[in-house]
file run_13.cif (mmCIF, C-alpha atoms and all ligand atoms)
data_run
#
loop_
_atom_site.label_atom_id
_atom_site.label_comp_id
_atom_site.auth_asym_id
_atom_site.auth_seq_id
_atom_site.Cartn_x
_atom_site.Cartn_y
_atom_site.Cartn_z
CA MET A 1 0.00 0.00 0.00
CA ASP A 2 1.33 3.41 -1.01
CA LYS A 3 1.78 5.32 2.26
CA GLN A 4 0.94 8.70 0.77
CA ILE A 5 -2.30 7.38 -0.74
CA SER A 6 -3.38 5.79 2.53
CA GLN A 7 -2.67 9.08 4.34
CA ILE A 8 -4.82 11.02 1.85
CA ILE A 9 -7.65 8.49 2.23
CA SER A 10 -7.46 8.69 6.04
CA LYS A 11 -7.54 12.48 5.82
CA ALA A 12 -10.74 12.33 3.73
CA VAL A 13 -12.40 9.81 6.06
CA GLU A 14 -11.55 12.03 9.03
CA GLY A 15 -13.28 14.96 7.32
CA GLY A 16 -10.21 16.77 5.99
CA GLU A 17 -10.34 18.76 2.78
CA ILE A 18 -8.61 17.01 -0.14
CA THR A 19 -6.39 19.37 -2.13
CA ALA A 20 -5.97 19.33 -5.91
CA PRO A 21 -2.52 17.65 -5.74
CA GLU A 22 -3.94 15.04 -3.34
CA LEU A 23 -6.81 14.28 -5.71
CA GLN A 24 -4.30 14.05 -8.54
CA LYS A 25 -2.47 11.38 -6.53
CA LEU A 26 -5.70 9.43 -5.85
CA LEU A 27 -6.58 9.51 -9.54
CA SER A 28 -3.20 8.11 -10.53
CA VAL A 29 -3.72 4.64 -9.01
CA HIS A 30 -4.25 1.59 -11.22
CA TYR A 31 -7.88 0.50 -11.16
CA LEU A 32 -7.05 -3.03 -9.96
CA SER A 33 -4.63 -1.97 -7.23
CA GLU A 34 -5.11 -2.33 -3.49
CA GLU A 35 -5.23 1.47 -3.34
CA ALA A 36 -8.13 1.61 -5.83
CA TYR A 37 -10.19 -0.71 -3.62
CA LEU A 38 -9.38 1.33 -0.52
CA ILE A 39 -10.47 4.54 -2.28
CA GLN A 40 -13.80 2.88 -3.16
CA TRP A 41 -14.32 1.61 0.39
CA ALA A 42 -13.64 5.08 1.78
CA ALA A 43 -15.98 6.74 -0.73
CA ARG A 44 -18.78 4.39 0.29
CA LYS A 45 -18.13 5.25 3.93
CA LEU A 46 -18.27 9.00 3.23
CA SER A 47 -21.39 8.69 1.07
CA ALA A 48 -23.25 6.64 3.64
CA ALA A 49 -22.44 9.18 6.37
CA ALA A 50 -23.20 12.22 4.19
CA ALA A 51 -26.59 10.85 3.11
CA LYS A 52 -27.46 9.22 6.45
CA GLY A 53 -27.25 5.75 4.92
CA LYS A 54 -29.83 6.34 2.21
CA ALA A 55 -29.69 6.24 -1.57
CA GLU A 56 -32.08 8.00 -3.95
CA VAL A 57 -33.45 7.13 -7.37
CA HIS A 58 -34.42 10.09 -9.51
CA ALA A 59 -36.06 9.90 -12.92
CA GLN A 60 -35.62 11.97 -16.06
CA VAL A 61 -38.14 12.53 -18.83
CA GLY A 62 -36.47 13.66 -22.07
CA ILE A 63 -38.93 15.88 -23.91
CA ASN A 64 -37.45 16.32 -27.40
CA VAL A 65 -34.92 14.92 -29.86
CA GLY A 66 -33.36 16.76 -32.78
CA PRO A 67 -30.22 18.58 -33.89
CA CYS A 68 -28.80 20.84 -31.14
CA SER A 69 -26.61 23.76 -32.19
CA LYS A 70 -24.19 23.31 -29.27
CA ASN A 71 -22.88 20.21 -31.06
CA CYS A 72 -21.33 18.49 -28.03
CA HIS A 73 -19.41 15.61 -29.57
CA PHE A 74 -20.48 13.09 -26.92
CA CYS A 75 -24.20 13.75 -27.45
CA SER A 76 -26.62 12.00 -29.81
CA PHE A 77 -28.31 15.36 -30.51
CA ALA A 78 -25.09 16.87 -31.89
CA PRO A 79 -25.45 17.37 -35.67
CA ILE A 80 -21.89 16.03 -36.07
CA ASN A 81 -23.17 12.60 -34.94
CA LYS A 82 -26.02 12.55 -37.50
CA VAL A 83 -28.40 10.58 -35.27
CA PHE A 84 -31.47 12.82 -35.16
CA PRO A 85 -31.76 14.96 -38.30
CA LYS A 86 -35.30 16.13 -37.46
CA GLU A 87 -36.87 17.74 -34.41
CA GLN A 88 -39.41 15.55 -32.63
CA VAL A 89 -41.22 16.47 -29.42
CA PHE A 90 -43.18 14.11 -27.22
CA SER A 91 -46.80 15.16 -26.75
CA ARG A 92 -47.84 16.92 -23.56
CA ALA A 93 -49.94 13.89 -22.60
CA GLU A 94 -46.98 11.51 -23.13
CA ILE A 95 -44.66 13.69 -21.04
CA ILE A 96 -47.13 13.92 -18.16
CA GLU A 97 -47.82 10.19 -18.35
CA LYS A 98 -44.07 9.39 -18.20
CA ALA A 99 -43.58 11.71 -15.20
CA LEU A 100 -46.57 10.24 -13.34
CA ARG A 101 -45.39 6.68 -14.06
CA PHE A 102 -41.99 7.49 -12.54
CA GLU A 103 -43.62 9.10 -9.50
CA ALA A 104 -45.91 6.09 -9.01
CA ASP A 105 -42.89 3.76 -9.33
CA GLY A 106 -41.22 5.55 -6.44
CA ALA A 107 -38.83 8.07 -8.04
CA ASN A 108 -37.74 10.62 -5.44
CA ALA A 109 -37.50 13.53 -7.93
CA ILE A 110 -38.56 14.14 -11.54
CA TYR A 111 -36.22 15.80 -14.07
CA LEU A 112 -37.41 17.34 -17.32
CA MET A 113 -34.73 17.48 -20.03
CA VAL A 114 -34.62 19.32 -23.36
CA THR A 115 -31.90 20.08 -25.89
CA ALA A 116 -30.34 23.55 -25.82
CA ASN A 117 -32.41 24.59 -28.86
CA TYR A 118 -35.74 24.07 -27.18
CA LYS A 119 -37.55 27.33 -26.43
CA MET A 120 -37.63 28.23 -22.74
CA ALA A 121 -41.21 29.55 -22.97
CA ASP A 122 -42.44 26.21 -24.34
CA TYR A 123 -40.45 24.31 -21.73
CA LEU A 124 -41.96 26.36 -18.90
CA GLU A 125 -45.45 25.72 -20.23
CA ILE A 126 -44.89 21.95 -20.21
CA ALA A 127 -43.26 22.16 -16.78
CA ARG A 128 -46.27 23.95 -15.30
CA ASP A 129 -48.56 21.17 -16.54
CA VAL A 130 -46.27 18.45 -15.19
CA ARG A 131 -46.01 20.31 -11.88
CA ALA A 132 -49.81 20.46 -11.62
CA ALA A 133 -50.08 16.72 -12.30
CA LEU A 134 -47.40 15.57 -9.81
CA LYS A 135 -47.88 15.43 -6.04
CA PRO A 136 -47.07 18.88 -4.61
CA ASP A 137 -44.08 17.61 -2.62
CA THR A 138 -42.39 15.67 -5.47
CA PRO A 139 -39.38 17.84 -6.40
CA MET A 140 -38.97 18.77 -10.06
CA VAL A 141 -35.47 19.40 -11.47
CA ALA A 142 -34.67 21.22 -14.73
CA ASN A 143 -32.06 19.93 -17.19
CA VAL A 144 -31.95 22.72 -19.78
CA ASP A 145 -29.77 25.11 -21.76
CA ASP A 146 -27.95 27.98 -20.06
CA PHE A 147 -30.11 30.82 -18.76
CA ASP A 148 -29.86 34.23 -17.09
CA GLU A 149 -31.34 35.52 -13.84
CA ALA A 150 -34.76 36.04 -15.42
CA GLY A 151 -34.70 32.45 -16.67
CA ALA A 152 -33.75 31.22 -13.21
CA SER A 153 -36.67 33.09 -11.62
CA ALA A 154 -39.05 31.72 -14.23
CA LEU A 155 -37.92 28.15 -13.48
CA LYS A 156 -38.40 28.74 -9.77
CA THR A 157 -41.87 30.19 -10.33
CA ALA A 158 -42.80 27.23 -12.55
CA GLY A 159 -42.21 24.98 -9.56
CA PHE A 160 -38.68 23.62 -9.98
CA ALA A 161 -36.68 22.83 -6.85
CA GLY A 162 -33.37 22.76 -8.68
CA ILE A 163 -31.35 22.21 -11.83
CA TYR A 164 -28.84 19.69 -13.14
CA HIS A 165 -25.94 21.58 -14.71
CA VAL A 166 -22.41 20.49 -15.53
CA ILE A 167 -19.17 22.05 -16.76
CA ARG A 168 -18.56 19.07 -18.98
CA MET A 169 -15.22 17.41 -19.74
CA GLY A 170 -13.79 19.24 -22.73
CA GLU A 171 -16.29 22.08 -22.35
CA GLY A 172 -15.61 24.71 -25.00
CA VAL A 173 -13.38 22.30 -26.96
CA VAL A 174 -15.69 19.40 -27.85
CA THR A 175 -18.79 21.46 -27.03
CA GLY A 176 -20.02 24.78 -28.37
CA ILE A 177 -20.42 26.35 -24.93
CA ASP A 178 -17.96 28.57 -23.06
CA PRO A 179 -17.40 27.12 -19.55
CA LYS A 180 -17.90 30.64 -18.13
CA VAL A 181 -21.48 30.60 -19.45
CA ARG A 182 -22.15 27.35 -17.60
CA LEU A 183 -20.82 28.86 -14.37
CA LYS A 184 -22.95 32.00 -14.80
CA THR A 185 -26.03 29.80 -15.16
CA VAL A 186 -25.23 28.00 -11.91
CA ALA A 187 -24.80 31.34 -10.13
CA ALA A 188 -28.12 32.62 -11.52
CA ALA A 189 -29.90 29.44 -10.42
CA GLN A 190 -28.56 29.63 -6.90
CA LYS A 191 -29.43 33.33 -6.66
CA ALA A 192 -33.03 32.42 -7.50
CA GLY A 193 -33.07 29.75 -4.77
CA LEU A 194 -32.70 26.73 -7.06
CA LEU A 195 -30.57 23.87 -5.74
CA VAL A 196 -27.88 22.56 -8.07
CA GLY A 197 -26.85 19.00 -8.91
CA THR A 198 -23.70 18.47 -10.96
CA CYS A 199 -21.12 15.90 -12.05
CA VAL A 200 -17.64 15.45 -13.52
CA GLU A 201 -18.59 13.93 -16.86
CA PRO A 202 -18.49 12.47 -19.45
CA VAL A 203 -15.04 11.08 -18.65
CA GLY A 204 -13.13 9.15 -21.31
CA PRO A 205 -9.65 7.60 -21.57
CA GLU A 206 -8.33 10.67 -23.44
CA HIS A 207 -8.90 13.01 -20.50
CA SER A 208 -5.93 14.04 -18.41
CA ILE A 209 -5.96 13.60 -14.65
CA ALA A 210 -5.37 17.37 -14.48
CA GLU A 211 -8.68 18.04 -16.23
CA ILE A 212 -10.59 15.65 -13.95
CA VAL A 213 -9.06 17.48 -10.97
CA GLU A 214 -9.94 20.89 -12.45
CA LYS A 215 -13.56 19.90 -13.13
CA THR A 216 -13.89 18.30 -9.69
CA MET A 217 -12.72 21.47 -7.95
CA LEU A 218 -15.14 23.55 -10.07
CA ALA A 219 -18.00 21.21 -9.19
CA LYS A 220 -17.17 21.30 -5.50
CA ALA A 221 -17.03 25.09 -5.49
CA MET A 222 -20.64 25.16 -6.75
CA LYS A 223 -21.75 23.71 -3.39
CA PRO A 224 -24.09 21.27 -5.11
CA VAL A 225 -26.60 18.99 -3.41
CA HIS A 226 -25.29 16.15 -5.50
CA ALA A 227 -22.10 15.59 -7.49
CA GLY A 228 -20.21 12.60 -8.85
CA SER A 229 -18.30 11.46 -11.91
CA GLY A 230 -19.59 9.46 -14.86
CA ARG A 231 -17.98 7.78 -17.85
CA ARG A 232 -18.78 8.55 -21.47
CA ILE A 233 -20.96 6.10 -23.37
CA ASN A 234 -19.83 6.52 -26.98
CA ILE A 235 -22.33 7.38 -29.66
CA PRO A 236 -21.46 5.08 -32.61
CA GLY A 237 -19.59 7.08 -35.24
CA SER A 238 -18.94 10.08 -32.97
CA PRO A 239 -15.54 11.78 -33.24
CA LEU A 240 -14.80 10.67 -29.67
CA GLU A 241 -15.29 6.98 -30.40
CA VAL A 242 -11.66 6.70 -31.48
CA HIS A 243 -10.61 7.24 -27.85
CA GLY A 244 -12.58 4.23 -26.60
CA ALA A 245 -14.40 4.30 -23.29
CA PHE A 246 -13.75 3.37 -19.69
CA THR A 247 -15.15 0.13 -18.31
CA GLU A 248 -17.11 0.23 -15.04
CA ALA A 249 -14.05 -1.15 -13.26
CA GLN A 250 -11.88 1.68 -14.63
CA GLN A 251 -14.43 4.41 -13.85
CA ALA A 252 -15.37 3.27 -10.33
CA PRO A 253 -12.14 4.38 -8.58
CA ILE A 254 -12.36 7.73 -10.42
CA THR A 255 -15.94 8.25 -9.23
CA ALA A 256 -14.84 7.23 -5.73
CA ALA A 257 -11.81 9.56 -5.69
CA VAL A 258 -14.09 12.43 -6.73
CA LYS A 259 -16.32 11.57 -3.73
CA LEU A 260 -13.33 11.82 -1.39
CA ALA A 261 -12.68 15.30 -2.77
CA MET A 262 -16.36 16.33 -2.39
CA GLY A 263 -16.34 15.29 1.26
CA TYR A 264 -19.15 14.95 3.79
CA ASP A 265 -20.92 18.22 2.93
CA ILE A 266 -22.33 17.05 -0.41
CA PRO A 267 -24.94 14.38 0.35
CA GLY A 268 -25.63 13.00 -3.14
CA HIS A 269 -23.07 11.15 -5.26
CA ALA A 270 -23.74 9.81 -8.75
CA GLY A 271 -21.69 8.29 -11.54
CA GLY A 272 -22.95 4.85 -12.48
CA ASP A 273 -26.03 2.68 -12.36
CA SER A 274 -24.77 -0.71 -11.29
CA SER A 275 -24.20 -2.28 -7.88
CA HIS A 276 -20.48 -1.97 -8.56
CA PHE A 277 -20.77 1.85 -8.40
CA ALA A 278 -23.16 1.66 -5.44
CA MET A 279 -20.51 -0.36 -3.58
CA ALA A 280 -17.99 2.40 -4.41
CA GLY A 281 -19.99 5.30 -2.96
CA VAL A 282 -22.67 6.11 -5.53
CA ASN A 283 -25.96 6.81 -3.75
CA LEU A 284 -27.94 8.48 -6.54
CA SER A 285 -28.93 7.18 -9.95
CA TRP A 286 -31.53 7.94 -12.59
CA ALA A 287 -34.25 6.08 -14.38
CA GLU A 288 -34.73 7.54 -17.85
CA SER A 289 -37.50 7.73 -20.39
CA GLY A 290 -37.99 9.67 -23.62
CA SER A 291 -34.97 11.34 -25.20
CA ASN A 292 -31.48 10.70 -23.85
CA PRO A 293 -28.19 12.23 -25.08
CA ARG A 294 -26.43 8.85 -24.66
CA ASP A 295 -28.96 6.92 -26.72
CA THR A 296 -29.62 6.75 -30.45
CA LYS A 297 -33.30 5.83 -29.94
CA ALA A 298 -35.81 8.68 -29.54
CA ASN A 299 -37.46 6.88 -26.64
CA THR A 300 -34.48 5.61 -24.72
CA VAL A 301 -33.86 1.90 -24.36
CA ILE A 302 -30.62 2.18 -22.37
CA GLY A 303 -32.12 4.27 -19.53
CA GLY A 304 -33.18 1.98 -16.68
CA THR A 305 -36.44 1.86 -14.76
CA VAL A 306 -36.97 3.05 -11.20
CA ASP A 307 -37.18 -0.59 -10.18
CA SER A 308 -33.87 -1.58 -11.83
CA ARG A 309 -32.10 1.38 -10.21
CA ARG A 310 -33.57 0.52 -6.80
CA GLN A 311 -32.52 -3.11 -7.19
CA ALA A 312 -28.92 -2.10 -7.92
CA PHE A 313 -28.81 -0.12 -4.67
CA GLU A 314 -30.47 -2.88 -2.68
CA GLN A 315 -27.98 -5.42 -4.01
CA ALA A 316 -25.20 -3.19 -2.69
CA GLY A 317 -26.78 -2.91 0.75
CA TRP A 318 -28.26 0.59 0.49
CA GLU A 319 -31.60 1.60 1.95
CA ILE A 320 -33.56 3.87 -0.36
CA VAL A 321 -35.39 7.09 0.49
CA GLU A 322 -39.16 6.68 0.24
CA GLY A 323 -41.07 9.76 -0.94
CA PRO A 324 -39.66 13.17 -1.92
CA SER A 325 -35.92 13.52 -2.48
CA ARG A 326 -34.04 14.63 0.61
CA LEU A 327 -31.36 16.09 -1.64
CA PHE A 328 -33.94 18.48 -3.09
CA GLY A 329 -35.63 19.50 0.14
CA GLY A 330 -37.85 16.57 1.12
CA ARG A 331 -37.82 15.09 4.64
S1 LIG A 401 -25.30 17.82 -24.54
FE1 LIG A 401 -27.01 19.29 -24.43
S2 LIG A 401 -26.14 21.20 -25.26
FE2 LIG A 401 -24.80 19.56 -25.94
S3 LIG A 401 -25.52 18.93 -27.98
FE3 LIG A 401 -26.51 17.59 -26.44
S4 LIG A 401 -28.47 18.61 -25.99
FE4 LIG A 401 -27.16 20.14 -26.98
#
call {"tool": "encode", "arguments": {"input": "run_13.cif", "output": "structure tokens"}}
result
Amino acid sequence: MDKQISQIISKAVEGGEITAPELQKLLSVHYLSEEAYLIQWAARKLSAAAAKGKAEVHAQVGINVGPCSKNCHFCSFAPINKVFPKEQVFSRAEIIEKALRFEADGANAIYLMVTANYKMADYLEIARDVRAALKPDTPMVANVDDFDEAGASALKTAGFAGIYHVIRMGEGVVTGIDPKVRLKTVAAAQKAGLLVGTCVEPVGPEHSIAEIVEKTMLAKAMKPVHAGSGRRINIPGSPLEVHGAFTEAQQAPITAAVKLAMGYDIPGHAGGDSSHFAMAGVNLSWAESGSNPRDTKANTVIGGTVDSRRQAFEQAGWEIVEGPSRLFGGR
């Protein structure tokens, strides 16, 4: 066992703040090493304490598919990937039905996702209808394009408890969005009283440890209610496919090291759907329906159900929150 690594892990378990160079060191271990397993054990310990032993299953309804001008290379809606040449929007009735199905299945929060090209006014209209159909205490979370302070207030008024927003890996290089714009959106959301969930994603083998560290520190500084780190699922034919993709075993110690850097103050940790990740500190995952940037089908087939996500947590020994998400304000 590398003495320095074990000291950094002990520091994290004892509640110390992990520095950027320390995270760099944690991220440099081989995924099958003794150190990698210790990092995952420690991350599970931190997650369990931070979330009082409970995992959550959230659920996302993707509202539209079609070409998105931001052209993020990892996304099926990017025109460069030629998956969805035409805009297609699920009907209001279908969207509400999907959200209600998730709620009835036990999802702790409902996310509504659109591509960056979708008009905010139309999104807010749909959101108000979904809000009216859901139980009043089921938190709704927005996964949308960047917005200003007026947009943040409008989301809050429409009944959202929070947003999911990420400074993605390679932001501004393999995406058409300036990272500063993403940060401004997060600030506007928090000013309006919206809680923020984020992640260090989508991670691929081509990314440097330095960039994972940089994005982790940015995510932590947002003071999110949930964070994590997820691997890229390659869209067939995308320009990123040439780099390959991490296996679960390769990603799990990365997700776990990111948890050690996030510490006890951030209760939610995401980054993978299987029991393997749940054993390594993940205590939040998503069921998905409708459009999905990782899928080439308009109505996703790779997004799991609430039941499959719950089963993965149960298999890893997690209890699951019943009712409204604690991360987004429920009790
Ligand atoms: S990730 Fe979002 S912003 Fe980027 S292309 Fe896909 S839908 Fe558009």
call {"tool": "closest_atom_pairs", "arguments": {"input": "run_13.cif", "of": "chain A", "to": "ligand LIG 401 (chain A)", "cutoff": "7 Å", "atoms": "only C-alpha atoms and all ligand atoms", "output": "Markdown table"}}
result
| residue | atom | partner | partner_atom | distance |
| --- | --- | --- | --- | --- |
| A:Cys68 | CA | A:LIG401 | FE4 | 4.5 |
| A:Ser69 | CA | A:LIG401 | FE4 | 6.4 |
| A:Lys70 | CA | A:LIG401 | S3 | 4.8 |
| A:Asn71 | CA | A:LIG401 | S3 | 4.3 |
| A:Cys72 | CA | A:LIG401 | FE2 | 4.2 |
| A:Cys75 | CA | A:LIG401 | FE3 | 4.6 |
| A:Ser76 | CA | A:LIG401 | FE3 | 6.5 |
| A:Phe77 | CA | A:LIG401 | FE3 | 5.0 |
| A:Ala78 | CA | A:LIG401 | S3 | 4.4 |
| A:Val114 | CA | A:LIG401 | S4 | 6.7 |
| A:Thr115 | CA | A:LIG401 | S4 | 3.7 |
| A:Ala116 | CA | A:LIG401 | FE4 | 4.8 |
| A:Asp145 | CA | A:LIG401 | S2 | 6.4 |
| A:Thr175 | CA | A:LIG401 | FE2 | 6.4 |
| A:Pro293 | CA | A:LIG401 | FE3 | 5.8 |
call {"tool": "atom_distance", "arguments": {"input": "run_13.cif", "atom1": "CA of Val83 in chain A", "atom2": "CA of Gly230 in chain A"}}
result
22.3 Å
call {"tool": "closest_residue", "arguments": {"input": "run_13.cif", "among": "A:Gly62, A:Pro205, A:Gly237, A:Pro224", "to": "Pro79 in chain A", "atoms": "all atoms listed in the file"}}
result
A:Gly237
call {"tool": "closest_atom_pairs", "arguments": {"input": "run_13.cif", "of": "range 111-229 of chain A", "to": "range 315-328 of chain A", "cutoff": "8 Å", "atoms": "only C-alpha atoms", "output": "JSON lines"}}
result
{"residue": "A:Asp137", "atom": "CA", "partner": "A:Pro324", "partner_atom": "CA", "distance": 6.3}
{"residue": "A:Thr138", "atom": "CA", "partner": "A:Pro324", "partner_atom": "CA", "distance": 5.1}
{"residue": "A:Pro139", "atom": "CA", "partner": "A:Phe328", "partner_atom": "CA", "distance": 6.4}
{"residue": "A:Ala161", "atom": "CA", "partner": "A:Phe328", "partner_atom": "CA", "distance": 6.4}
{"residue": "A:Gly162", "atom": "CA", "partner": "A:Phe328", "partner_atom": "CA", "distance": 7.1}
{"residue": "A:Leu195", "atom": "CA", "partner": "A:Phe328", "partner_atom": "CA", "distance": 6.9}
{"residue": "A:Val225", "atom": "CA", "partner": "A:Leu327", "partner_atom": "CA", "distance": 5.8}
{"residue": "A:His226", "atom": "CA", "partner": "A:Leu327", "partner_atom": "CA", "distance": 7.2}
call {"tool": "write_last_selection", "arguments": {"input": "run_13.cif", "atoms": "C-alpha atoms", "output": "PDB file, keeping the file's coordinate frame"}}
result
ATOM      1  CA  ASP A 137     -44.080  17.610  -2.620  1.00  0.00           C
ATOM      2  CA  THR A 138     -42.390  15.670  -5.470  1.00  0.00           C
ATOM      3  CA  PRO A 139     -39.380  17.840  -6.400  1.00  0.00           C
ATOM      4  CA  ALA A 161     -36.680  22.830  -6.850  1.00  0.00           C
ATOM      5  CA  GLY A 162     -33.370  22.760  -8.680  1.00  0.00           C
ATOM      6  CA  LEU A 195     -30.570  23.870  -5.740  1.00  0.00           C
ATOM      7  CA  VAL A 225     -26.600  18.990  -3.410  1.00  0.00           C
ATOM      8  CA  HIS A 226     -25.290  16.150  -5.500  1.00  0.00           C
TER       9      HIS A 226
END
call {"tool": "atom_distance", "arguments": {"input": "run_13.cif", "atom1": "CA of Val258 in chain A", "atom2": "CA of Ser308 in chain A"}}
result
24.8 Å
call {"tool": "closest_atom_pairs", "arguments": {"input": "run_13.cif", "of": "range 184-239 of chain A", "to": "range 14-37 of chain A", "cutoff": "9 Å", "atoms": "all atoms listed in the file", "output": "Markdown table"}}
result
| residue | atom | partner | partner_atom | distance |
| --- | --- | --- | --- | --- |
| A:Ile209 | CA | A:Gln24 | CA | 6.3 |
| A:Ala210 | CA | A:Gln24 | CA | 6.9 |
| A:Ile212 | CA | A:Gln24 | CA | 8.4 |
| A:Val213 | CA | A:Ala20 | CA | 6.2 |
| A:Glu214 | CA | A:Ala20 | CA | 7.8 |
| A:Thr216 | CA | A:Ala20 | CA | 8.8 |
| A:Met217 | CA | A:Ala20 | CA | 7.4 |
call {"tool": "closest_atom_pairs", "arguments": {"input": "run_13.cif", "of": "range 107-183 of chain A", "to": "range 274-286 of chain A", "cutoff": "10 Å", "atoms": "only C-alpha atoms", "output": "tab-separated table"}}
result
residue	atom	partner	partner_atom	distance
A:Ala107	CA	A:Trp286	CA	8.6
A:Asn108	CA	A:Trp286	CA	9.8
A:Ala109	CA	A:Trp286	CA	9.4
A:Ile110	CA	A:Trp286	CA	9.4
A:Tyr111	CA	A:Trp286	CA	9.3
call {"tool": "residues_around", "arguments": {"input": "run_13.cif", "residues": "His165 in chain A", "least_positions_apart": "2", "cutoff": "10 Å", "atoms": "all atoms listed in the file", "output": "ChimeraX atom specification"}}
result
/A:142-146,162-163,167-168,182-183,185-186,189,196-199,219,224
call {"tool": "residues_around", "arguments": {"input": "run_13.cif", "residues": "Ala121 in chain A", "least_positions_apart": "5", "cutoff": "10 Å", "atoms": "all atoms listed in the file", "output": "PDB file with C-alpha atoms, keeping the file's coordinate frame"}}
result
ATOM      1  CA  ILE A 126     -44.890  21.950 -20.210  1.00  0.00           C
ATOM      2  CA  ALA A 127     -43.260  22.160 -16.780  1.00  0.00           C
ATOM      3  CA  GLY A 151     -34.700  32.450 -16.670  1.00  0.00           C
ATOM      4  CA  ALA A 154     -39.050  31.720 -14.230  1.00  0.00           C
TER       5      ALA A 154
END
call {"tool": "axis_aligned_box", "arguments": {"input": "run_13.cif", "around": "range 170-182 of chain A", "padding_each_side": "6 Å", "output": "JSON"}}
result
{"center_x": -17.8, "center_y": 24.9, "center_z": -23.0, "size_x": 20.8, "size_y": 23.4, "size_z": 22.8}
call {"tool": "atom_distance", "arguments": {"input": "run_13.cif", "atom1": "CA of Val306 in chain A", "atom2": "CA of Ala270 in chain A"}}
result
15.1 Å
call {"tool": "residues_around", "arguments": {"input": "run_13.cif", "residues": "His207 in chain A", "least_positions_apart": "5", "cutoff": "12 Å", "atoms": "only C-alpha atoms", "output": "JSON, numbers by chain"}}
result
{"A": [27, 168, 169, 170, 171, 174, 200, 201, 202, 212, 213, 214, 215, 231, 232, 240, 243, 244, 245, 246, 254]}
call {"tool": "residues_around", "arguments": {"input": "run_13.cif", "residues": "Ala256 in chain A", "least_positions_apart": "4", "cutoff": "9 Å", "atoms": "only C-alpha atoms", "output": "list in words"}}
result
Ala36, Ile39, Gln40, Trp41, Ala42, Ala43, Arg44, Gly228, Ser229, Gln251, Ala252, Leu260, Ala261, Phe277, Ala280, Gly281 and Val282 of chain A
call {"tool": "closest_residue", "arguments": {"input": "run_13.cif", "among": "A:Thr296, A:Ser47, A:Ser289, A:Asn234", "to": "Arg101 in chain A", "atoms": "all atoms listed in the file"}}
result
A:Ser289
call {"tool": "residues_around", "arguments": {"input": "run_13.cif", "residues": "Asn64 in chain A", "least_positions_apart": "2", "cutoff": "10 Å", "atoms": "only C-alpha atoms", "output": "ChimeraX atom specification"}}
result
/A:61-62,66-67,77,87-91,95,113-115,117-118,290-292,298-299
call {"tool": "closest_residue", "arguments": {"input": "run_13.cif", "among": "A:Ala227, A:Ile235, A:Val141, A:Met262", "to": "Asn81 in chain A", "atoms": "only C-alpha atoms"}}
result
A:Ile235
call {"tool": "closest_residue", "arguments": {"input": "run_13.cif", "among": "A:Lys135, A:Lys3, A:Lys52, A:Lys156", "to": "Gly106 in chain A", "atoms": "all atoms listed in the file"}}
result
A:Lys135
